[in-house]
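Have a look at final_23.txt below; it lists compact mmCIF, C-alpha atoms.
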```txt
# COMPACT_ATOMS: atom_id res chain seq x y z
CA MET A 1 -38.10 -22.17 6.68
CA ALA A 2 -35.31 -19.97 5.32
CA ARG A 3 -32.65 -21.33 2.99
CA ILE A 4 -29.11 -20.12 3.53
CA PRO A 5 -26.78 -19.98 0.50
CA LEU A 6 -23.49 -21.80 1.01
CA THR A 7 -20.13 -20.68 -0.31
CA ASN A 8 -16.93 -22.48 -1.18
CA GLY A 9 -15.05 -20.39 1.36
CA PHE A 10 -11.67 -18.78 0.91
CA VAL A 11 -9.75 -19.61 -2.25
CA LEU A 12 -6.12 -18.59 -2.67
CA ILE A 13 -5.52 -17.07 -6.11
CA PRO A 14 -3.26 -19.45 -8.06
CA GLU A 15 0.17 -18.18 -9.01
CA GLY A 16 0.32 -16.43 -12.35
CA THR A 17 -0.18 -13.03 -13.99
CA TYR A 18 -3.62 -11.41 -13.77
CA VAL A 19 -5.35 -8.16 -14.63
CA PHE A 20 -7.12 -6.79 -11.56
CA LEU A 21 -9.89 -4.21 -11.28
CA ILE A 22 -9.56 -2.04 -8.18
CA TYR A 23 -13.06 -2.03 -6.73
CA GLY A 24 -12.46 -0.69 -3.24
CA ALA A 25 -9.96 1.39 -1.30
CA THR A 26 -9.85 2.67 2.28
CA TYR A 27 -7.35 4.62 4.34
CA ASP A 28 -7.32 4.71 8.15
CA GLU A 29 -5.42 7.92 8.90
CA ASP A 30 -5.06 7.15 12.62
CA PHE A 31 -3.13 3.94 12.01
CA GLY A 32 -1.75 4.70 8.52
CA LYS A 33 -3.35 1.60 7.01
CA ILE A 34 -4.35 1.49 3.34
CA GLU A 35 -6.45 -1.39 2.04
CA ILE A 36 -6.98 -1.90 -1.68
CA LYS A 37 -9.56 -4.45 -2.88
CA LEU A 38 -8.87 -6.10 -6.26
CA VAL A 39 -10.78 -8.58 -8.41
CA THR A 40 -9.86 -10.59 -11.51
CA SER A 41 -12.18 -10.99 -14.50
CA LYS A 42 -13.19 -14.40 -13.14
CA GLY A 43 -14.17 -12.92 -9.77
CA LEU A 44 -11.13 -13.98 -7.72
CA THR A 45 -10.42 -11.37 -5.07
CA HIS A 46 -7.25 -10.13 -3.42
CA THR A 47 -6.68 -7.44 -0.82
CA GLU A 48 -3.43 -5.49 -0.90
CA ARG A 49 -2.52 -3.81 2.42
CA PHE A 50 0.02 -1.08 3.11
CA THR A 51 0.87 0.20 6.61
CA ILE A 52 2.48 3.55 5.88
CA LYS A 53 2.91 4.59 9.55
CA ASP A 54 4.83 2.72 12.22
CA SER A 55 3.68 2.30 15.83
CA THR A 56 5.12 5.72 16.76
CA GLY A 57 3.20 7.49 13.98
CA LYS A 58 6.26 8.10 11.78
CA LEU A 59 6.09 7.35 8.06
CA ASN A 60 7.21 3.87 7.05
CA GLU A 61 9.27 4.79 3.98
CA ASN A 62 9.37 1.23 2.59
CA ALA A 63 5.58 0.80 2.74
CA LEU A 64 5.03 4.31 1.40
CA GLY A 65 7.37 3.52 -1.51
CA ALA A 66 5.51 0.26 -2.24
CA PHE A 67 2.12 2.03 -2.16
CA SER A 68 3.46 4.87 -4.33
CA TYR A 69 4.65 2.44 -6.98
CA PHE A 70 1.34 0.53 -6.83
CA ALA A 71 -0.71 3.74 -7.19
CA LYS A 72 1.41 5.24 -9.97
CA THR A 73 1.28 1.95 -11.88
CA ALA A 74 -2.50 1.57 -11.49
CA MET A 75 -3.02 5.18 -12.59
CA ASN A 76 -0.38 4.82 -15.33
CA ASP A 77 1.01 8.18 -14.24
CA PHE A 78 4.53 8.09 -12.85
CA GLU A 79 4.64 11.87 -12.40
CA MET A 80 1.87 11.94 -9.73
CA GLU A 81 2.78 13.63 -6.47
CA ASP A 82 -0.14 12.53 -4.28
CA ILE A 83 -3.38 10.57 -4.38
CA ALA A 84 -6.39 9.72 -2.26
CA PRO A 85 -6.65 5.90 -2.25
CA GLU A 86 -10.29 6.12 -3.38
CA GLU A 87 -9.08 7.61 -6.67
CA LEU A 88 -7.70 4.16 -7.57
CA ILE A 89 -11.20 2.67 -7.72
CA GLY A 90 -12.19 1.75 -11.25
CA HIS A 91 -8.61 1.47 -12.49
CA PHE A 92 -6.88 -1.71 -13.61
CA ILE A 93 -3.46 -3.10 -12.79
CA GLU A 94 -1.67 -6.17 -14.10
CA ALA A 95 0.31 -8.07 -11.49
CA GLU A 96 2.02 -11.39 -10.94
CA VAL A 97 0.62 -13.40 -8.00
CA ILE A 98 3.41 -15.11 -6.06
CA HIS A 99 2.85 -17.51 -3.16
CA THR A 100 5.04 -17.31 -0.08
CA GLN A 101 4.98 -19.75 2.80
CA SER A 102 5.91 -19.24 6.44
CA ALA A 103 5.38 -20.93 9.76
CA SER A 104 1.98 -20.34 11.33
CA LYS A 105 2.02 -17.97 14.31
CA LYS A 106 -0.66 -20.10 15.96
CA ASN A 107 1.05 -23.43 15.36
CA PRO A 108 4.74 -23.29 14.32
CA GLU A 109 4.55 -26.89 13.08
CA LYS A 110 2.16 -25.82 10.31
CA THR A 111 2.82 -23.55 7.36
CA VAL A 112 0.55 -20.90 5.91
CA THR A 113 0.55 -19.67 2.32
CA PHE A 114 0.11 -16.03 1.35
CA ALA A 115 -0.60 -14.55 -2.09
CA ASN A 116 1.56 -11.51 -2.80
CA LEU A 117 1.67 -9.25 -5.83
CA GLY A 118 5.00 -9.23 -7.62
CA ASP A 119 5.76 -7.55 -10.95
CA LYS A 120 3.15 -4.88 -11.69
CA ALA A 121 2.27 -3.07 -14.91
CA PRO A 122 -0.40 -0.60 -16.03
CA SER A 123 -3.45 -2.15 -17.66
CA ASN A 124 -6.32 -0.77 -19.72
CA GLY A 125 -8.81 -3.44 -18.70
CA PHE A 126 -9.74 -7.08 -18.83
CA ALA A 127 -8.98 -9.03 -22.00
CA GLU A 128 -12.13 -11.12 -21.47
CA ASP A 129 -15.66 -10.45 -20.31
CA PRO A 130 -15.81 -10.26 -16.51
CA SER A 131 -18.01 -12.60 -14.49
CA ALA A 132 -21.18 -11.24 -12.92
CA ARG A 133 -19.39 -11.32 -9.54
CA VAL A 134 -16.97 -8.61 -10.69
CA MET A 135 -19.67 -6.02 -11.33
CA GLU A 136 -21.58 -7.16 -8.24
CA LEU A 137 -18.51 -6.50 -6.04
CA PHE A 138 -17.84 -3.18 -7.74
CA ASN A 139 -21.45 -2.03 -7.38
CA GLN A 140 -21.70 -3.19 -3.74
CA GLU A 141 -18.60 -1.21 -2.83
CA GLN A 142 -19.85 1.90 -4.64
CA THR A 143 -23.25 1.65 -2.96
CA LYS A 144 -21.48 1.54 0.45
CA LYS A 145 -19.47 4.64 -0.45
CA HIS A 146 -22.44 6.52 -1.91
CA PRO A 147 -25.55 5.41 0.00
CA GLY A 148 -28.83 6.46 -1.54
CA LYS A 149 -27.36 6.87 -5.03
CA SER A 150 -28.32 4.34 -7.62
CA VAL A 151 -25.36 2.77 -9.33
CA ALA A 152 -25.75 2.65 -13.10
CA LYS A 153 -25.23 -0.48 -15.14
CA ALA A 154 -21.54 -1.15 -15.59
CA PRO A 155 -19.91 0.01 -18.84
CA SER A 156 -18.26 -2.29 -21.34
CA PRO A 157 -16.07 -4.78 -19.46
CA LYS A 158 -13.23 -4.41 -21.95
CA ALA A 159 -12.50 -0.84 -20.94
CA SER A 160 -9.74 0.90 -22.78
CA SER A 161 -9.02 3.41 -20.04
CA GLY A 162 -10.57 1.99 -16.88
CA LEU A 163 -14.16 2.25 -15.75
CA ASP A 164 -16.00 5.54 -16.22
CA LEU A 165 -16.89 6.39 -12.61
CA ASP A 166 -18.95 9.40 -13.68
CA ALA A 167 -21.20 7.11 -15.73
CA LEU A 168 -21.42 4.60 -12.89
CA LEU A 169 -22.22 7.13 -10.18
CA GLY A 170 -24.44 9.43 -12.23
```
How does this structure look as structure tokens?
Amino acid sequence: MARIPLTNGFVLIPEGTYVFLIYGATYDEDFGKIEIKLVTSKGLTHTERFTIKDSTGKLNENALGAFSYFAKTAMNDFEMEDIAPEELIGHFIEAEVIHTQSASKKNPEKTVTFANLGDKAPSNGFAEDPSARVMELFNQEQTKKHPGKSVAKAPSPKASSGLDLDALLG
């Protein structure tokens, strides 16, 4: 008989300021959707989404501005002119998590709570040792992006300039 591991399910990140490692990034060019996966040193995850095209295919200037600020902050380079979202992987960003509530679309009598990232700042890495889940998430995402390549053991968790992707990917 097989044993199935159980999880605690979805946990909303509590409000506060956190350092996040960017461990995944995708861009769907057809729909203009960017998805950035972030994790705290304790293994709490957050996904930041930007829809930079509207339904007619035109650029959504507000979303593009928000993504630009996010990317420039994570890269700590405010002179950048363009970026592939995957280039953000392995970089850190400090951000304030703010909860917002709104009426549920399914049941207007109920409210739903969302975690949004507020004030952002560049970061050089975690101040504390990351949990095993952090490196597991990072390595899983890299293995998906680079099938067949072995992912090296993660470098020091207290990185001074982000993770060394060359060392990780060989």
Selection: 10 Å around region 60-65 of chain A, only C-alpha atoms, excl. self and same-chain fewer than 6 positions, as number ranges by chain: A: 32-34, 49-54, 71
Residue among A:Lys72, A:His99, A:Lys105, A:Arg133 lying closest to Lys120 (chain A), counting all atoms listed in the file: A:Lys72
Residue among A:Ile22, A:Ile4, A:Val134, A:Ala121 lying closest to Tyr69 (chain A), counting all atoms listed in the file: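 The closest residue to Tyr69 (chain A) is A:Ala121.
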Atom pair CA of Gln101 (chain A) / CA of Thr113 (chain A): separation (Å):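 The value is 4.5 Å.
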Best match for closeness to His46 (chain A) among A:Val97, A:Glu109, A:Thr26, A:Pro85, counting only C-alpha atoms: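 The closest residue to His46 (chain A) is A:Val97.
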Using all atoms listed in the file: which of A:Asn124, A:Gly43, A:Ile13, A:Arg3 has the shortest distance to Glu136 (chain A): A:Gly43
Distance in Å - CA of Ile36 (chain A) versus CA of Ser131 (chain A):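 It comes out at 20.0 Å.
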Distance query 12 Å from (-0.8, 5.3, -16.5) using all atoms listed in the file, result as a PyMOL selection string: chain A and resi 69-80+88+91-94+120-124+160-162
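Comparing A:Ala2, A:Val112, A:Ala103, A:Met135 by their smallest distance to Val39 (chain A), the closest is A:Met135 (using all atoms listed in the file).
Between CA of Gly57 (chain A) and CA of Gly118 (chain A) the separation is 27.4 Å.
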Contacts of Tyr18 (chain A) at 7 Å (only C-alpha atoms; same-chain gap of 2+ positions) as a list in words: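 My reading of the contact set: Gly16, Phe20, Thr40, Glu94, Ala95 and Glu96 of chain A.
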